[in-house]
Amino acid sequence: MVVLATKLYVEGDARERSLDSLRSLVNNEIGDLDVEFEIGVRHDDFPSVTIEGEDATVARNVLGEEFGEIVPDLEAGETYTGTLESWDEDGFVLDAGQGEGVRIPADELGLGPGSPIQIRERYGLVQHLPLQFVYGTGNGDDGGEPPRLAEEEQDRLYEWTRGEGRLNVNSATRAEVRATLNRAGHAQDYVTIERLGLLEQSVICPEDTDPPGLLASVGEYLPAELRCVVP
């Protein structure tokens, strides 16, 4: 079994649609392998994929690489994926499936000046967004190294601010975001929709599209958190 580092936190019909979307995504990744799989959802909303068959090990590795993997124990110095659960003036808190969240102190975000709250706004970080981090040996106050945002993650977020602009969304599948944009008359106002997690998407805008303007136009159609990244 592999536990995916992306959350399924919506309810009702939206939950069923999200599960259908996840089944399609998993099948796209491992459908050609000699395996059978079954999807469940843990009490903490992380989906689990039970895999059986000759290529089960390969399939688990493929899904772990694609989605990130929630593991039972974290080892110092290793890189993991957690979801952004909360933030305050002291840092970010990521859920890595350990019960207690992993706190990334403000000094360990590596995303430039400003408070964690300001950094979240600058980079358009929506709640539950999967983020890579390096687990530490302590909290910094005990002489150990605190957890920090992974360099690969820092580079990815910096690239967002060098592009043409983005509108980040949570609580919706990629297909739902695309359908909403098209229905609202914005089919020409985005280049593509990048999947960040199962329910976290990034609408990549062309040069002549203003992300805040797009947010104002489609916000009423999406029951979601929306954040802009403006170059």
# chains A, B, ... in the order shown; residues from 1 in each chain; ligands from 1

$ residues_around --residues "Gly219 (chain A)" --least-positions-apart "6" --cutoff "12 Å" --atoms "only C-alpha atoms" --output "number ranges by chain"
A: 167-170, 177, 180-181, 184, 211-213, 225-228

$ write_last_selection --atoms "all heavy atoms" --output "short mmCIF file (atom, residue, chain, number, x, y, z; two decimals), in the first residue's frame"
data_model
loop_
_atom_site.label_atom_id
_atom_site.label_comp_id
_atom_site.auth_asym_id
_atom_site.auth_seq_id
_atom_site.Cartn_x
_atom_site.Cartn_y
_atom_site.Cartn_z
N LEU A 167 -3.21 31.74 -11.25
CA LEU A 167 -4.32 31.76 -10.31
C LEU A 167 -4.39 30.38 -9.69
O LEU A 167 -4.67 29.40 -10.38
CB LEU A 167 -5.63 32.09 -11.03
CG LEU A 167 -6.89 32.03 -10.16
CD1 LEU A 167 -6.84 33.06 -9.04
CD2 LEU A 167 -8.15 32.24 -11.02
N ASN A 168 -4.08 30.27 -8.40
CA ASN A 168 -4.07 28.99 -7.71
C ASN A 168 -5.40 28.76 -7.01
O ASN A 168 -5.98 29.67 -6.43
CB ASN A 168 -2.92 28.93 -6.71
CG ASN A 168 -1.57 28.92 -7.39
OD1 ASN A 168 -1.45 28.57 -8.57
ND2 ASN A 168 -0.52 29.31 -6.68
N VAL A 169 -5.85 27.51 -7.06
CA VAL A 169 -7.18 27.14 -6.59
C VAL A 169 -7.09 25.88 -5.75
O VAL A 169 -6.30 24.98 -6.06
CB VAL A 169 -8.12 26.86 -7.81
CG1 VAL A 169 -9.53 26.53 -7.36
CG2 VAL A 169 -8.11 28.04 -8.78
N ASN A 170 -7.91 25.80 -4.69
CA ASN A 170 -8.04 24.51 -4.00
C ASN A 170 -9.51 24.06 -4.00
O ASN A 170 -10.39 24.77 -4.52
CB ASN A 170 -7.47 24.57 -2.58
CG ASN A 170 -8.30 25.39 -1.61
OD1 ASN A 170 -9.37 25.88 -1.94
ND2 ASN A 170 -7.79 25.57 -0.41
N VAL A 177 -12.04 22.89 -12.59
CA VAL A 177 -11.52 24.24 -12.81
C VAL A 177 -11.60 24.59 -14.29
O VAL A 177 -12.02 25.70 -14.66
CB VAL A 177 -10.07 24.36 -12.30
CG1 VAL A 177 -9.47 25.70 -12.69
CG2 VAL A 177 -10.02 24.18 -10.79
N THR A 180 -15.17 25.34 -15.28
CA THR A 180 -15.62 26.63 -14.75
C THR A 180 -15.07 27.79 -15.57
O THR A 180 -15.78 28.74 -15.90
CB THR A 180 -15.18 26.78 -13.28
OG1 THR A 180 -15.79 25.74 -12.50
CG2 THR A 180 -15.60 28.12 -12.72
N LEU A 181 -13.79 27.74 -15.91
CA LEU A 181 -13.18 28.80 -16.72
C LEU A 181 -13.87 28.91 -18.07
O LEU A 181 -14.18 30.01 -18.54
CB LEU A 181 -11.70 28.53 -16.90
CG LEU A 181 -10.81 28.72 -15.67
CD1 LEU A 181 -9.43 28.13 -15.93
CD2 LEU A 181 -10.69 30.20 -15.32
N ALA A 184 -17.39 30.31 -17.77
CA ALA A 184 -17.39 31.74 -17.44
C ALA A 184 -16.87 32.60 -18.59
O ALA A 184 -16.72 33.82 -18.43
CB ALA A 184 -16.56 31.98 -16.18
N PRO A 211 -4.05 38.08 -13.61
CA PRO A 211 -4.55 37.09 -12.66
C PRO A 211 -5.56 37.64 -11.66
O PRO A 211 -6.59 37.00 -11.42
CB PRO A 211 -3.27 36.60 -11.96
CG PRO A 211 -2.19 36.78 -12.99
CD PRO A 211 -2.56 38.04 -13.69
N PRO A 212 -5.35 38.83 -11.03
CA PRO A 212 -6.38 39.35 -10.13
C PRO A 212 -7.72 39.59 -10.83
O PRO A 212 -8.79 39.38 -10.24
CB PRO A 212 -5.77 40.65 -9.61
CG PRO A 212 -4.29 40.44 -9.71
CD PRO A 212 -4.12 39.66 -10.97
N GLY A 213 -7.66 40.03 -12.08
CA GLY A 213 -8.89 40.23 -12.83
C GLY A 213 -9.61 38.91 -13.09
O GLY A 213 -10.84 38.83 -13.03
N GLU A 225 -10.74 28.38 -2.33
CA GLU A 225 -9.80 29.43 -2.01
C GLU A 225 -9.00 29.73 -3.28
O GLU A 225 -8.52 28.81 -3.95
CB GLU A 225 -8.85 28.99 -0.89
CG GLU A 225 -7.84 30.05 -0.52
CD GLU A 225 -6.80 29.57 0.47
OE1 GLU A 225 -6.71 28.34 0.70
OE2 GLU A 225 -6.06 30.42 1.01
N LEU A 226 -8.86 30.99 -3.63
CA LEU A 226 -8.12 31.40 -4.81
C LEU A 226 -7.04 32.40 -4.40
O LEU A 226 -7.30 33.32 -3.62
CB LEU A 226 -9.04 32.03 -5.86
CG LEU A 226 -10.14 31.12 -6.43
CD1 LEU A 226 -11.44 31.29 -5.66
CD2 LEU A 226 -10.39 31.44 -7.91
N ARG A 227 -5.84 32.22 -4.93
CA ARG A 227 -4.73 33.11 -4.66
C ARG A 227 -3.99 33.38 -5.97
O ARG A 227 -3.77 32.46 -6.77
CB ARG A 227 -3.77 32.50 -3.65
CG ARG A 227 -4.31 32.46 -2.22
CD ARG A 227 -4.31 33.84 -1.60
NE ARG A 227 -4.76 33.84 -0.21
CZ ARG A 227 -6.03 33.92 0.18
NH1 ARG A 227 -6.98 33.98 -0.73
NH2 ARG A 227 -6.35 33.95 1.46
N CYS A 228 -3.58 34.63 -6.15
CA CYS A 228 -2.87 35.00 -7.38
C CYS A 228 -1.37 35.02 -7.19
O CYS A 228 -0.87 35.33 -6.09
CB CYS A 228 -3.32 36.40 -7.81
SG CYS A 228 -5.03 36.49 -8.36
#

$ closest_residue --among "A:Pro147, A:Gly12, A:Pro113, A:Gly31" --to "Val62 (chain A)" --atoms "only C-alpha atoms"
A:Gly31

$ select_by_dssp --residues "region 12-55 of chain A" --states "strand (DSSP E)" --output "PyMOL selection string"
chain A and resi 36-41+47-52

$ select_by_dssp --residues "region 36-226 of chain A" --states "alpha helix (DSSP H)" --output "ChimeraX atom specification"
/A:56-67,116-122,151-160,174-183,211-218

$ residues_around --residues "region 71-82 of chain A" --least-positions-apart "6" --cutoff "6 Å" --atoms "only C-alpha atoms" --output "PyMOL selection string"
chain A and resi 94-96+130-137

$ write_last_selection --atoms "N, CA and C atoms" --output "PDB file, in the first residue's frame"
ATOM      1  N   LEU A  94       2.965  21.987   8.134  1.00  0.00           N
ATOM      2  CA  LEU A  94       2.641  21.017   7.100  1.00  0.00           C
ATOM      3  C   LEU A  94       2.139  19.733   7.742  1.00  0.00           C
ATOM      4  N   ASP A  95       1.137  19.123   7.119  1.00  0.00           N
ATOM      5  CA  ASP A  95       0.646  17.824   7.560  1.00  0.00           C
ATOM      6  C   ASP A  95       1.351  16.749   6.744  1.00  0.00           C
ATOM      7  N   ALA A  96       2.179  15.967   7.412  1.00  0.00           N
ATOM      8  CA  ALA A  96       2.890  14.871   6.748  1.00  0.00           C
ATOM      9  C   ALA A  96       2.400  13.522   7.266  1.00  0.00           C
ATOM     10  N   PRO A 130       0.393  20.641  -1.579  1.00  0.00           N
ATOM     11  CA  PRO A 130       1.545  19.793  -1.252  1.00  0.00           C
ATOM     12  C   PRO A 130       2.857  20.557  -1.424  1.00  0.00           C
ATOM     13  N   LEU A 131       3.729  20.468  -0.408  1.00  0.00           N
ATOM     14  CA  LEU A 131       5.022  21.136  -0.417  1.00  0.00           C
ATOM     15  C   LEU A 131       6.092  20.166   0.066  1.00  0.00           C
ATOM     16  N   GLN A 132       7.259  20.202  -0.571  1.00  0.00           N
ATOM     17  CA  GLN A 132       8.373  19.357  -0.160  1.00  0.00           C
ATOM     18  C   GLN A 132       9.176  20.035   0.948  1.00  0.00           C
ATOM     19  N   PHE A 133       9.586  19.236   1.922  1.00  0.00           N
ATOM     20  CA  PHE A 133      10.389  19.762   3.015  1.00  0.00           C
ATOM     21  C   PHE A 133      11.452  18.754   3.410  1.00  0.00           C
ATOM     22  N   VAL A 134      12.497  19.246   4.064  1.00  0.00           N
ATOM     23  CA  VAL A 134      13.552  18.398   4.608  1.00  0.00           C
ATOM     24  C   VAL A 134      13.341  18.315   6.111  1.00  0.00           C
ATOM     25  N   TYR A 135      13.184  17.117   6.611  1.00  0.00           N
ATOM     26  CA  TYR A 135      12.935  16.930   8.034  1.00  0.00           C
ATOM     27  C   TYR A 135      14.206  17.214   8.821  1.00  0.00           C
ATOM     28  N   GLY A 136      14.064  17.836   9.994  1.00  0.00           N
ATOM     29  CA  GLY A 136      15.215  18.231  10.791  1.00  0.00           C
ATOM     30  C   GLY A 136      15.480  17.300  11.955  1.00  0.00           C
ATOM     31  N   THR A 137      16.471  17.660  12.733  1.00  0.00           N
ATOM     32  CA  THR A 137      16.865  16.864  13.905  1.00  0.00           C
ATOM     33  C   THR A 137      16.309  17.447  15.196  1.00  0.00           C
TER      34      THR A 137
END

$ residues_around --residues "His186 (chain A)" --least-positions-apart "4" --cutoff "12 Å" --atoms "only C-alpha atoms" --output "PDB file with C-alpha atoms, in the first residue's frame"
ATOM      1  CA  VAL A 177     -11.520  24.238 -12.814  1.00  0.00           C
ATOM      2  CA  ARG A 178     -11.279  23.929 -16.596  1.00  0.00           C
ATOM      3  CA  ALA A 179     -15.050  23.585 -16.957  1.00  0.00           C
ATOM      4  CA  THR A 180     -15.617  26.635 -14.747  1.00  0.00           C
ATOM      5  CA  LEU A 181     -13.184  28.801 -16.719  1.00  0.00           C
ATOM      6  CA  ASN A 182     -14.743  27.784 -20.006  1.00  0.00           C
ATOM      7  CA  TYR A 190      -5.335  30.655 -19.700  1.00  0.00           C
ATOM      8  CA  VAL A 191      -2.554  28.593 -21.219  1.00  0.00           C
ATOM      9  CA  THR A 192      -3.042  25.414 -19.215  1.00  0.00           C
ATOM     10  CA  VAL A 203      -4.202  28.234 -13.790  1.00  0.00           C
ATOM     11  CA  CYS A 205      -2.152  32.796 -17.562  1.00  0.00           C
ATOM     12  CA  PRO A 206      -0.899  34.210 -20.871  1.00  0.00           C
ATOM     13  CA  THR A 209      -4.293  38.076 -18.797  1.00  0.00           C
ATOM     14  CA  ASP A 210      -4.364  39.765 -15.398  1.00  0.00           C
ATOM     15  CA  PRO A 211      -4.547  37.093 -12.658  1.00  0.00           C
ATOM     16  CA  GLY A 213      -8.893  40.226 -12.827  1.00  0.00           C
ATOM     17  CA  LEU A 214      -9.410  36.556 -13.619  1.00  0.00           C
ATOM     18  CA  LEU A 215      -9.917  35.844  -9.906  1.00  0.00           C
ATOM     19  CA  SER A 217     -14.368  37.188 -12.681  1.00  0.00           C
ATOM     20  CA  VAL A 218     -14.484  33.488 -11.781  1.00  0.00           C
TER      21      VAL A 218
END

$ atom_distance --atom1 "CA of Leu198 (chain A)" --atom2 "CA of Leu157 (chain A)"
18.4 Å

$ residues_around --residues "region 104-111 of chain A" --least-positions-apart "5" --cutoff "6 Å" --atoms "only C-alpha atoms" --output "ChimeraX atom specification"
/A:90-92,116,147-149

$ write_last_selection --atoms "C-alpha atoms" --output "mmCIF file, in the first residue's frame"
data_model
loop_
_atom_site.group_PDB
_atom_site.id
_atom_site.type_symbol
_atom_site.label_atom_id
_atom_site.label_comp_id
_atom_site.auth_asym_id
_atom_site.auth_seq_id
_atom_site.Cartn_x
_atom_site.Cartn_y
_atom_site.Cartn_z
ATOM 1 C CA ASP A 90 6.218 32.115 13.101
ATOM 2 C CA GLY A 91 6.090 29.855 10.027
ATOM 3 C CA PHE A 92 4.159 27.220 8.097
ATOM 4 C CA PRO A 116 5.150 33.783 6.469
ATOM 5 C CA PRO A 147 12.703 21.315 9.357
ATOM 6 C CA ARG A 148 13.114 23.467 6.273
ATOM 7 C CA LEU A 149 11.464 23.913 2.916
#

$ residues_around --residues "region 35-41 of chain A" --least-positions-apart "3" --cutoff "6 Å" --atoms "only C-alpha atoms" --output "compact mmCIF listing (two decimals) with N, CA and C atoms, in the first residue's frame"
# COMPACT_ATOMS: atom_id res chain seq x y z
N ASP A 45 -7.75 12.08 5.80
CA ASP A 45 -8.06 12.51 4.42
C ASP A 45 -6.96 12.23 3.40
N PHE A 46 -5.88 11.55 3.81
CA PHE A 46 -4.89 11.13 2.82
C PHE A 46 -5.38 9.85 2.15
N PRO A 47 -5.40 9.80 0.81
CA PRO A 47 -5.84 8.58 0.12
C PRO A 47 -4.76 7.51 0.13
N SER A 48 -5.21 6.27 0.26
CA SER A 48 -4.29 5.13 0.21
C SER A 48 -4.63 4.29 -1.02
N VAL A 49 -3.60 3.72 -1.62
CA VAL A 49 -3.79 2.86 -2.80
C VAL A 49 -3.19 1.49 -2.48
N THR A 50 -4.05 0.50 -2.38
CA THR A 50 -3.60 -0.88 -2.16
C THR A 50 -3.38 -1.52 -3.52
N ILE A 51 -2.20 -2.06 -3.73
CA ILE A 51 -1.80 -2.55 -5.04
C ILE A 51 -1.37 -4.01 -4.93
N GLU A 52 -1.87 -4.83 -5.84
CA GLU A 52 -1.47 -6.23 -5.91
C GLU A 52 -1.13 -6.58 -7.35
N GLY A 53 -0.20 -7.50 -7.52
CA GLY A 53 0.18 -7.93 -8.86
C GLY A 53 1.68 -8.00 -9.03
N ASP A 55 3.71 -6.35 -10.83
CA ASP A 55 4.44 -5.07 -10.89
C ASP A 55 4.09 -4.15 -9.72
N ALA A 56 3.67 -4.73 -8.60
CA ALA A 56 3.20 -3.91 -7.47
C ALA A 56 4.28 -2.97 -6.96

$ closest_residue --among "A:Gly64, A:Gly197, A:Gly185, A:Gly97" --to "Tyr221 (chain A)" --atoms "only C-alpha atoms"
A:Gly185

$ atom_distance --atom1 "CA of Thr57 (chain A)" --atom2 "CA of Gly101 (chain A)"
28.7 Å

$ closest_residue --among "A:Val230, A:Ala150, A:Val102, A:Val126" --to "Gly165 (chain A)" --atoms "only C-alpha atoms"
A:Val230
